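Shown here: coords29.csv, CSV, C-alpha atoms and all ligand atoms.
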```csv
chain,number,residue,atom,x,y,z
R,17,MET,CA,-2.0,-1.2,21.8
R,18,GLN,CA,-4.9,-3.6,21.4
R,19,ILE,CA,-5.6,-6.1,18.6
R,20,ILE,CA,-9.3,-6.5,17.7
R,21,SER,CA,-10.3,-9.7,15.9
R,22,ASN,CA,-13.8,-10.5,14.5
R,23,CYS,CA,-14.6,-6.8,14.5
R,24,THR,CA,-18.3,-6.1,15.2
R,25,HIS,CA,-19.9,-2.9,13.9
R,26,ASN,CA,-19.7,-1.5,17.4
R,27,GLU,CA,-16.0,-2.1,17.5
R,28,VAL,CA,-15.5,-0.3,14.2
R,29,LYS,CA,-17.4,2.6,15.6
R,30,LYS,CA,-15.1,2.6,18.6
R,31,ALA,CA,-12.1,2.5,16.3
R,32,ALA,CA,-13.4,5.5,14.4
R,33,LYS,CA,-13.8,7.3,17.7
R,34,ALA,CA,-10.2,6.4,18.5
R,35,LEU,CA,-9.1,8.0,15.2
R,36,LYS,CA,-11.2,11.1,15.9
R,37,ASP,CA,-9.5,11.3,19.4
R,38,GLY,CA,-6.1,11.4,17.7
R,39,HIS,CA,-5.0,7.8,18.1
R,40,LEU,CA,-3.7,5.5,15.4
R,41,VAL,CA,-5.6,2.5,14.0
R,42,ALA,CA,-4.0,-0.1,11.8
R,43,PHE,CA,-6.5,-1.7,9.6
R,44,PRO,CA,-6.8,-4.2,6.7
R,45,THR,CA,-7.2,-3.2,3.1
R,46,GLU,CA,-7.3,-5.4,0.1
R,47,THR,CA,-3.7,-4.5,-0.9
R,48,VAL,CA,-1.8,-4.4,2.4
R,49,TYR,CA,-2.5,-3.2,6.0
R,50,GLY,CA,-2.5,0.5,6.6
R,51,LEU,CA,-1.5,2.6,9.6
R,52,GLY,CA,-4.4,5.1,9.9
R,53,ALA,CA,-4.8,8.5,11.4
R,54,ASP,CA,-7.5,11.2,11.0
R,55,ALA,CA,-6.2,13.0,7.9
R,56,SER,CA,-7.3,16.4,9.3
R,57,ASN,CA,-5.3,16.0,12.6
R,58,ALA,CA,-1.7,17.2,12.3
R,59,LYS,CA,-0.6,15.7,15.6
R,60,ALA,CA,-2.1,12.3,14.8
R,61,VAL,CA,-0.5,12.3,11.4
R,62,ALA,CA,2.9,13.2,12.9
R,63,ARG,CA,2.6,10.1,15.0
R,64,ILE,CA,2.3,8.0,11.8
R,65,TYR,CA,5.8,9.3,10.8
R,66,SER,CA,7.4,8.7,14.1
R,67,THR,CA,5.8,5.2,14.5
R,68,LYS,CA,7.1,4.2,11.0
R,69,GLY,CA,10.4,6.0,11.3
R,70,ARG,CA,9.5,7.6,8.0
R,71,PRO,CA,10.9,10.9,6.7
R,72,THR,CA,8.2,13.6,6.9
R,73,ASP,CA,8.6,14.7,3.2
R,74,HIS,CA,7.0,11.4,2.1
R,75,PRO,CA,3.4,12.2,1.4
R,76,LEU,CA,0.5,10.0,2.6
R,77,ILE,CA,-2.5,8.5,0.8
R,78,VAL,CA,-5.9,9.7,2.1
R,79,HIS,CA,-8.5,6.9,2.2
R,80,ILE,CA,-12.0,8.0,1.5
R,81,SER,CA,-15.3,6.2,1.3
R,82,SER,CA,-16.5,7.0,-2.2
R,83,ILE,CA,-15.9,8.9,-5.4
R,84,ASN,CA,-18.2,11.6,-4.0
R,85,GLU,CA,-15.6,12.5,-1.4
R,86,MET,CA,-12.9,13.2,-3.9
R,87,SER,CA,-13.8,16.9,-4.3
R,88,LYS,CA,-13.1,17.5,-0.6
R,89,TRP,CA,-9.4,16.7,-1.2
R,90,ALA,CA,-8.8,17.5,-4.9
R,91,ILE,CA,-9.5,20.3,-7.4
R,92,ASP,CA,-9.3,20.4,-11.2
R,93,ILE,CA,-9.9,16.6,-11.5
R,94,PRO,CA,-9.4,15.6,-15.2
R,95,GLU,CA,-12.1,13.6,-16.9
R,96,TYR,CA,-9.7,10.6,-17.4
R,97,ALA,CA,-9.2,10.5,-13.6
R,98,MET,CA,-13.0,10.4,-13.1
R,99,LYS,CA,-13.2,7.5,-15.6
R,100,LEU,CA,-10.5,5.6,-13.6
R,101,ALA,CA,-12.3,6.3,-10.3
R,102,ARG,CA,-15.6,5.1,-11.7
R,103,ASP,CA,-14.1,1.9,-13.1
R,104,PHE,CA,-11.7,0.9,-10.4
R,105,TRP,CA,-13.0,2.2,-7.1
R,106,PRO,CA,-13.4,0.8,-4.5
R,107,GLY,CA,-10.2,-1.0,-5.3
R,108,PRO,CA,-6.4,-1.2,-5.4
R,109,MET,CA,-5.7,2.2,-7.1
R,110,THR,CA,-4.5,5.6,-5.8
R,111,LEU,CA,-5.0,8.7,-7.8
R,112,ILE,CA,-2.6,11.7,-7.4
R,113,LEU,CA,-4.6,14.9,-8.0
R,114,LYS,CA,-4.1,18.6,-7.5
R,115,ARG,CA,-4.8,19.2,-3.8
R,116,SER,CA,-7.6,21.3,-2.3
R,117,ASN,CA,-7.1,23.5,0.8
R,118,THR,CA,-8.2,20.4,2.9
R,119,ALA,CA,-5.0,18.6,2.0
R,120,LYS,CA,-2.5,20.3,4.2
R,121,ASP,CA,1.3,20.2,4.0
R,122,PHE,CA,1.5,17.6,6.7
R,123,ILE,CA,-0.4,15.1,4.4
R,124,THR,CA,1.2,16.0,1.1
R,125,GLY,CA,4.8,16.5,2.2
R,126,SER,CA,4.3,20.1,1.0
R,127,GLN,CA,3.7,19.1,-2.6
R,128,GLY,CA,0.9,20.6,-4.7
R,129,SER,CA,-0.8,17.2,-5.1
R,130,VAL,CA,-2.6,14.7,-2.9
R,131,GLY,CA,-3.0,10.9,-3.2
R,132,VAL,CA,-6.6,9.5,-2.7
R,133,ARG,CA,-7.9,6.0,-2.7
R,134,VAL,CA,-11.2,4.2,-2.0
R,135,PRO,CA,-10.2,0.8,-0.6
R,136,SER,CA,-12.6,-2.2,-1.2
R,137,HIS,CA,-12.0,-4.1,2.1
R,138,PRO,CA,-15.3,-3.9,4.0
R,139,LEU,CA,-13.6,-3.2,7.3
R,140,ALA,CA,-11.6,-0.4,5.8
R,141,LEU,CA,-14.7,1.1,4.2
R,142,SER,CA,-16.8,1.0,7.3
R,143,LEU,CA,-14.0,2.5,9.4
R,144,ILE,CA,-13.8,5.4,7.0
R,145,ILE,CA,-17.6,5.8,6.9
R,146,GLU,CA,-17.8,5.8,10.7
R,147,LEU,CA,-15.0,8.5,10.9
R,148,GLU,CA,-16.9,10.6,8.3
R,149,LYS,CA,-20.0,10.3,10.5
R,150,LEU,CA,-18.0,11.8,13.3
R,151,GLY,CA,-17.1,14.8,11.0
R,152,GLY,CA,-13.8,13.4,9.7
R,153,TYR,CA,-12.8,13.8,6.0
R,154,GLY,CA,-10.6,10.7,5.5
R,155,VAL,CA,-8.1,8.4,6.9
R,156,ALA,CA,-4.4,9.0,6.1
R,157,ALA,CA,-2.6,5.7,5.9
R,158,PRO,CA,0.7,4.4,4.7
R,159,SER,CA,1.5,0.7,4.7
R,160,ALA,CA,1.8,-0.4,8.4
R,161,ASN,CA,5.5,-1.3,8.4
R,162,ARG,CA,8.7,0.4,9.6
R,163,PHE,CA,10.2,2.6,6.9
R,164,GLY,CA,11.8,0.5,4.1
R,165,ALA,CA,10.6,-2.8,5.4
R,166,VAL,CA,8.1,-5.3,3.8
R,167,SER,CA,4.5,-4.2,3.9
R,168,PRO,CA,2.3,-6.3,6.2
R,169,THR,CA,-0.5,-8.4,4.8
R,170,THR,CA,-1.8,-9.8,8.1
R,171,SER,CA,-2.5,-8.2,11.5
R,172,GLU,CA,0.2,-10.5,13.0
R,173,ALA,CA,2.7,-8.9,10.6
R,174,VAL,CA,1.6,-5.4,11.7
R,175,CYS,CA,2.2,-6.4,15.3
R,176,GLU,CA,5.7,-7.7,14.4
R,177,GLU,CA,6.5,-4.4,12.6
R,178,LEU,CA,5.0,-1.8,14.8
R,179,GLY,CA,3.9,-3.5,18.1
R,180,ALA,CA,6.9,-1.9,19.9
R,181,TYR,CA,6.2,1.6,18.6
R,182,LEU,CA,2.4,1.9,19.0
R,183,ALA,CA,1.0,3.6,22.1
R,184,GLU,CA,-1.4,2.2,24.6
R,185,ASP,CA,-4.6,3.6,23.1
R,186,ASP,CA,-3.7,2.7,19.5
R,187,LEU,CA,-5.6,-0.2,17.8
R,188,ILE,CA,-4.9,-3.0,15.3
R,189,LEU,CA,-8.0,-4.3,13.5
R,190,ASP,CA,-7.7,-7.8,12.2
R,191,GLY,CA,-9.4,-8.5,8.9
R,192,GLY,CA,-7.6,-11.6,7.7
R,193,GLN,CA,-5.0,-11.8,5.0
R,194,SER,CA,-5.0,-9.0,2.4
R,195,ASN,CA,-6.4,-10.3,-0.8
R,196,VAL,CA,-4.2,-8.6,-3.4
R,197,GLY,CA,-1.0,-8.7,-1.3
R,198,ILE,CA,0.9,-5.8,-2.9
R,199,GLU,CA,0.3,-2.0,-2.6
R,200,SER,CA,-2.1,-0.1,-4.8
R,201,THR,CA,-1.3,1.2,-8.3
R,202,ILE,CA,-0.4,4.9,-8.0
R,203,ILE,CA,-1.4,7.0,-11.0
R,204,ASP,CA,-0.3,10.6,-11.4
R,205,CYS,CA,-3.4,12.5,-12.7
R,206,THR,CA,-1.9,16.0,-12.5
R,207,GLY,CA,-0.9,16.2,-16.2
R,208,PHE,CA,-2.6,15.7,-19.6
R,209,ALA,CA,-2.2,12.0,-19.5
R,210,PRO,CA,-2.1,9.4,-16.6
R,211,ARG,CA,1.3,8.2,-15.5
R,212,ILE,CA,2.0,5.1,-13.5
R,213,LEU,CA,4.2,6.0,-10.5
R,214,ARG,CA,3.9,2.6,-8.8
R,215,PRO,CA,2.6,-0.5,-10.7
R,216,GLY,CA,-0.1,-2.6,-8.9
R,217,ALA,CA,-3.1,-4.8,-9.6
R,218,ILE,CA,-4.8,-2.1,-11.7
R,219,PHE,CA,-2.3,-2.4,-14.5
R,220,PHE,CA,-1.2,-0.7,-17.7
R,221,GLU,CA,-3.7,-2.3,-20.1
R,222,MET,CA,-6.7,-1.7,-17.8
R,223,ILE,CA,-5.7,2.0,-17.4
R,224,ALA,CA,-5.3,2.4,-21.2
R,225,ASN,CA,-8.7,0.7,-21.8
R,226,THR,CA,-10.6,2.9,-19.4
R,227,THR,CA,-9.0,6.2,-20.3
R,228,GLY,CA,-8.4,5.6,-24.0
R,229,ILE,CA,-5.0,7.3,-23.4
R,230,VAL,CA,-1.6,5.6,-23.6
R,231,THR,CA,-0.1,5.6,-20.2
R,232,GLU,CA,3.5,6.1,-19.3
R,233,TYR,CA,5.6,4.9,-16.4
R,234,GLY,CA,7.4,7.1,-14.0
R,235,ALA,CA,7.0,10.7,-12.8
R,236,SER,CA,7.0,13.5,-15.4
R,237,ASN,CA,9.9,15.9,-14.7
R,238,ASN,CA,7.6,18.3,-12.7
R,239,GLY,CA,9.2,17.1,-9.4
R,240,THR,CA,6.5,14.5,-8.6
R,241,ARG,CA,7.8,12.0,-6.1
R,242,THR,CA,8.1,8.4,-7.2
R,243,SER,CA,7.5,5.8,-4.7
R,244,GLY,CA,10.6,4.1,-3.3
R,245,LEU,CA,12.9,5.7,-5.8
R,246,PHE,CA,15.9,6.3,-3.6
R,247,GLU,CA,15.8,4.1,-0.6
R,248,LYS,CA,16.0,0.4,0.0
R,249,HIS,CA,12.3,-0.5,0.0
R,250,TYR,CA,10.0,-3.4,0.5
R,251,SER,CA,13.0,-5.3,1.9
R,252,PRO,CA,13.3,-8.2,4.4
R,253,LYS,CA,16.4,-8.7,6.5
R,254,ALA,CA,17.5,-11.5,4.2
R,255,ARG,CA,19.3,-10.6,1.0
R,256,VAL,CA,17.0,-11.1,-2.0
R,257,ILE,CA,18.5,-12.4,-5.2
R,258,LEU,CA,16.7,-12.8,-8.5
R,259,GLY,CA,17.1,-15.4,-11.3
R,260,TYR,CA,19.8,-17.5,-9.8
R,261,THR,CA,19.8,-21.2,-8.6
R,262,ALA,CA,19.3,-21.3,-4.9
R,263,GLN,CA,22.2,-23.0,-3.0
R,264,PRO,CA,21.7,-25.3,0.0
R,265,GLY,CA,20.5,-23.4,3.0
R,266,GLU,CA,19.1,-20.5,1.0
R,267,GLY,CA,15.3,-19.7,0.8
R,268,PHE,CA,13.5,-20.3,-2.5
R,269,ILE,CA,10.3,-18.8,-4.0
R,270,ALA,CA,9.0,-19.8,-7.4
R,271,MET,CA,5.9,-20.9,-9.2
R,272,SER,CA,4.7,-24.4,-8.2
R,273,ASN,CA,5.9,-25.9,-11.5
R,274,THR,CA,9.5,-25.0,-10.7
R,275,LYS,CA,11.5,-27.7,-8.8
R,276,THR,CA,13.1,-26.9,-5.5
R,277,PRO,CA,17.0,-26.8,-5.9
R,278,ILE,CA,18.5,-29.5,-3.7
R,279,GLY,CA,19.1,-28.4,-0.1
R,280,SER,CA,17.3,-25.0,-0.5
R,281,ILE,CA,14.3,-24.1,1.6
R,282,ARG,CA,11.1,-23.7,-0.3
R,283,LEU,CA,9.1,-20.7,1.1
R,284,ALA,CA,6.3,-20.5,-1.5
R,285,SER,CA,5.0,-22.4,-4.5
R,286,PRO,CA,2.1,-20.3,-5.9
R,287,GLU,CA,0.0,-21.9,-8.6
R,288,THR,CA,-1.1,-18.6,-10.2
R,289,ILE,CA,0.2,-15.1,-10.6
R,290,LEU,CA,-2.6,-13.8,-8.3
R,291,GLU,CA,-1.4,-16.2,-5.7
R,292,PHE,CA,2.2,-15.1,-6.2
R,293,ALA,CA,1.3,-11.5,-5.4
R,294,HIS,CA,-1.0,-12.6,-2.5
R,295,THR,CA,1.7,-14.7,-0.7
R,296,PHE,CA,4.8,-12.8,-1.8
R,297,TYR,CA,5.3,-10.5,1.3
R,298,SER,CA,4.4,-13.2,3.8
R,299,SER,CA,7.0,-15.6,2.2
R,300,LEU,CA,9.7,-12.8,2.5
R,301,ARG,CA,8.7,-12.5,6.1
R,302,LEU,CA,8.9,-16.3,6.5
R,303,ALA,CA,12.6,-16.1,5.3
R,304,ASP,CA,13.3,-13.7,8.2
R,305,LYS,CA,11.5,-15.8,10.7
R,306,LYS,CA,13.6,-18.8,9.7
R,307,GLY,CA,16.7,-16.6,10.0
R,308,LEU,CA,17.8,-17.2,6.4
R,309,ALA,CA,20.6,-15.0,5.1
R,310,THR,CA,19.5,-15.2,1.5
R,311,VAL,CA,16.3,-15.8,-0.4
R,312,VAL,CA,16.2,-16.6,-4.1
R,313,VAL,CA,13.1,-15.6,-6.1
R,314,ASN,CA,12.2,-16.8,-9.6
R,315,CYS,CA,9.6,-14.6,-11.1
R,316,PRO,CA,8.0,-15.5,-14.4
R,317,ASP,CA,8.2,-13.0,-17.4
R,318,GLY,CA,5.1,-11.3,-18.6
R,319,ASP,CA,3.0,-8.2,-18.1
R,320,GLY,CA,-0.2,-7.4,-16.2
R,321,LEU,CA,0.3,-8.0,-12.4
R,322,LEU,CA,3.8,-9.4,-13.1
R,323,VAL,CA,5.0,-5.9,-13.7
R,324,ALA,CA,4.1,-4.9,-10.1
R,325,ILE,CA,5.6,-8.1,-8.7
R,326,ARG,CA,8.9,-7.5,-10.5
R,327,ASP,CA,8.9,-3.9,-9.4
R,328,ARG,CA,8.7,-4.9,-5.7
R,329,LEU,CA,11.2,-7.7,-6.3
R,330,ASN,CA,13.8,-5.4,-7.9
R,331,LYS,CA,13.4,-2.9,-5.0
R,332,ALA,CA,13.7,-5.6,-2.4
R,333,ALA,CA,16.8,-6.9,-4.2
R,334,GLN,CA,18.4,-3.4,-4.0
R,335,GLY,CA,18.2,-3.5,-0.2
R,401,LIG,O1,-2.0,0.0,-1.2
R,401,LIG,C1,-1.7,1.0,-0.7
R,401,LIG,O2,-1.5,2.0,-1.4
R,401,LIG,C2,-1.4,1.1,0.8
R,401,LIG,C3,-2.7,0.9,1.6
R,401,LIG,C4,-2.6,1.0,3.0
R,401,LIG,O3,-3.6,1.8,1.0
R,401,LIG,N1,-0.7,2.3,1.2
R,401,LIG,C5,0.6,2.5,0.9
R,401,LIG,O4,1.0,3.8,1.4
R,401,LIG,O5,1.2,1.8,0.2
R,401,LIG,P1,2.6,4.1,1.4
R,401,LIG,O6,2.7,5.4,2.1
R,401,LIG,O7,3.3,3.0,2.0
R,401,LIG,O8,3.0,4.3,-0.1
R,401,LIG,C6,2.4,5.3,-0.8
R,401,LIG,C7,3.4,5.9,-1.7
R,401,LIG,C8,4.5,6.6,-1.1
R,401,LIG,O9,5.7,6.2,-1.6
R,401,LIG,C9,4.3,8.1,-1.4
R,401,LIG,O10,5.5,8.7,-1.6
R,401,LIG,C10,3.4,8.0,-2.6
R,401,LIG,O11,2.6,6.9,-2.4
R,401,LIG,N2,2.6,9.2,-2.6
R,401,LIG,C11,1.6,9.6,-1.8
R,401,LIG,N3,1.1,10.8,-2.1
R,401,LIG,C12,1.8,11.2,-3.2
R,401,LIG,C13,1.7,12.4,-4.0
R,401,LIG,N4,0.9,13.4,-3.7
R,401,LIG,N5,2.5,12.4,-5.1
R,401,LIG,C14,3.3,11.4,-5.4
R,401,LIG,N6,3.5,10.3,-4.6
R,401,LIG,C15,2.7,10.2,-3.6
R,402,MG,MG,4.8,1.7,2.2
```

As a first step, turn the structure in this file into structure tokens.
Amino acid sequence: MQIISNCTHNEVKKAAKALKDGHLVAFPTETVYGLGADASNAKAVARIYSTKGRPTDHPLIVHISSINEMSKWAIDIPEYAMKLARDFWPGPMTLILKRSNTAKDFITGSQGSVGVRVPSHPLALSLIIELEKLGGYGVAAPSANRFGAVSPTTSEAVCEELGAYLAEDDLILDGGQSNVGIESTIIDCTGFAPRILRPGAIFFEMIANTTGIVTEYGASNNGTRTSGLFEKHYSPKARVILGYTAQPGEGFIAMSNTKTPIGSIRLASPETILEFAHTFYSSLRLADKKGLATVVVNCPDGDGLLVAIRDRLNKAAQG
């Protein structure tokens, strides 16, 4: 496996060729780093699952270069989904749509729907565009971590997670720290109204404003998979505890205006909610690097992006 920093256009082209040849390429997006494969190549996609240690019935998100590519992967796209795509792509939002024949069982976990997203990170976009020039239709990519672990927001974190599992010809593209820091909002668009399956930086109020439809949380009872429902998810090795006073020797994450409890180890002091999301996963990783058994997180109340942060926190705390 090779890590490529300061990617030139030529190196992006080589990375796209590596995808076309069936290798894996981890790449930055504005949310978290993804572990990419050519979404039309069953063998390459199978390697995503083995590299992550992920069960094969968990569907993958297909990353495409623009709204114009949606119809390759999806059919019967409702007007409210088009509105969302026009307003929020490229960006941290995944739409779940009825699948076309292009979206095979090995992408969708045999479900009737497919997840698609246009990421905004320039490196991600040019990788997808270069693969499309080679005849590809999209890049399948989950977060580039082992199954159940914390999503990586830097190329170093990808290396820590997957370095031991990637093959010689696989690549990791370095594109700095992911800007948003938590995974995309997933919106189920297979019914009459949008449903938020996983909260993220495109939040409830934004979706309602764009679509004019009141959005609900969670899957409808048509069997749609909800992200991270059953398993320990987004978890570091350290135990995560919420809303509790950190004891001496325990890690502590809170907004900058919260004092550090005596003897605890301050891991992050974000000044804003955006910074909280941006640094959150790397501060959980820092807890593991320091070998801490416990990390205490104080998260402010509120809506917007805080809904997504609390969602990940609750899942990490279940681990
Ligand atoms: O921000 C992100 O979404 C990142 C970057 C790399 O794009 N990707 C990501 O992928 O978080 P992953 O696989 O770690 O999480 C995607 C979640 C999974 O829990 C999966 O079950 C769900 O999306 N998903 C994918 N396709 C789906 C579908 N057709 N129906 C319901 N859920 C789906
Ligand atoms: Mg993931």

Legend entry - Residue nearest ligand LIG 401 (chain R) among R:Ser56, R:Ser142, R:Asn161, R:Asn117 (counting all atoms listed in the file): R:Asn161

Legend entry - Å distance separating CA of Ala97 (chain R) from CA of Met222 (chain R), one decimal place: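 Between CA of Ala97 (chain R) and CA of Met222 (chain R) the gap is 13.1 Å.
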
Inset, instruction - Would you please work out which residue, of R:Ser285, R:Ala32, R:Ala270, R:Val313, is nearest to Ile145 (chain R) when using only C-alpha atoms? - result: R:Ala32

Legend entry - Separation of CA of Ser272 (chain R) from CA of Thr45 (chain R), in Å and rounded to one decimal: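 Between CA of Ser272 (chain R) and CA of Thr45 (chain R) the gap works out to 26.8 Å.
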
Inset, instruction - Would you list the residues that come within 7 Å of ligand LIG 401 (chain R)? Count all atoms listed in the file and give the answer as JSON, numbers by chain. - result: {"R": [45, 47, 48, 49, 50, 51, 74, 75, 76, 77, 108, 110, 112, 124, 127, 129, 130, 131, 135, 157, 158, 159, 198, 199, 200, 201, 202, 240, 241, 242, 243, 244]}

Inset, instruction - Kindly provide, as a PyMOL selection string, the polymer residues lying within 12 Å of (-1.9, -1.4, -21.7), counting only C-alpha atoms and using the coordinates exactly as they appear in the file. - result: chain R and resi 210-212+215+218-233+319-321+323

Inset, instruction - Work out how far apart CA of Lys305 (chain R) and CA of Leu290 (chain R) are and give it in Å to one decimal. - result: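 Straight-line distance from CA of Lys305 (chain R) to CA of Leu290 (chain R) works out to 23.7 Å.
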
Legend entry - Pick from R:Ser126, R:Gln334, R:Thr169, R:Ser87 nearest to ligand MG 402 (chain R), counting all atoms listed in the file: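 Closest candidate: R:Thr169.
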
Legend entry - Option closest in space to ligand MG 402 (chain R), from R:Gly192, R:Ala217, R:Ser136, R:Ala160 [counting all atoms listed in the file]: R:Ala160

Legend entry - His25 (chain R) environment, 10 Å, all atoms listed in the file, sequence neighbours closer than 5 positions dropped, as a ChimeraX atom specification: /R:30-31,139,142-143,146

Create the file for the chosen residues now, containing C-alpha atoms and written as a compact mmCIF listing (two decimals), in the frame of the given file.
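Once written, again.txt looks like this:
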```txt
# COMPACT_ATOMS: atom_id res chain seq x y z
CA LYS R 30 -15.10 2.60 18.60
CA ALA R 31 -12.10 2.50 16.30
CA LEU R 139 -13.60 -3.20 7.30
CA SER R 142 -16.80 1.00 7.30
CA LEU R 143 -14.00 2.50 9.40
CA GLU R 146 -17.80 5.80 10.70
```

Inset, instruction - Check the smallest atom-to-atom distance from each of R:Ile278, R:Leu283, R:Val312, R:Val166 to ligand MG 402 (chain R) using only C-alpha atoms and all ligand atoms, then report the winner. - result: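 Going through R:Ile278, R:Leu283, R:Val312, R:Val166 one by one, the smallest distance to ligand MG 402 (chain R) is for R:Val166.
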
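Proximity to Pro71 (chain R) was assessed for R:Thr288, R:Asp304, R:Phe122, R:Glu176 counting only C-alpha atoms; the smallest distance is recorded for R:Phe122.
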
Inset, instruction - Name all residues at most 10 Å from region 162-165 of chain R (count all atoms listed in the file; drop same-chain ones fewer than 5 positions away) and give them as a PyMOL selection string. - result: chain R and resi 65-71+174+176-178+181+244+247-253+301+331-332+335

When you look at Phe296 (chain R) with a cut-off of 9 Å (counting only C-alpha atoms), what residues show up, excluding the ones that are within fewer than 3 positions of it in the same chain? I need them as a CSV table (one decimal) with C-alpha atoms, in the frame of the given file.
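What landed in selection_34.csv:
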```csv
chain,number,residue,atom,x,y,z
R,197,GLY,CA,-1.0,-8.7,-1.3
R,198,ILE,CA,0.9,-5.8,-2.9
R,269,ILE,CA,10.3,-18.8,-4.0
R,284,ALA,CA,6.3,-20.5,-1.5
R,286,PRO,CA,2.1,-20.3,-5.9
R,291,GLU,CA,-1.4,-16.2,-5.7
R,292,PHE,CA,2.2,-15.1,-6.2
R,293,ALA,CA,1.3,-11.5,-5.4
R,299,SER,CA,7.0,-15.6,2.2
R,300,LEU,CA,9.7,-12.8,2.5
R,301,ARG,CA,8.7,-12.5,6.1
R,325,ILE,CA,5.6,-8.1,-8.7
```

Legend entry - Shell around Leu150 (chain R) at 10 Å using all atoms listed in the file, local window under 6 positions removed, as a PyMOL selection string: chain R and resi 29+32-33+35-36+144
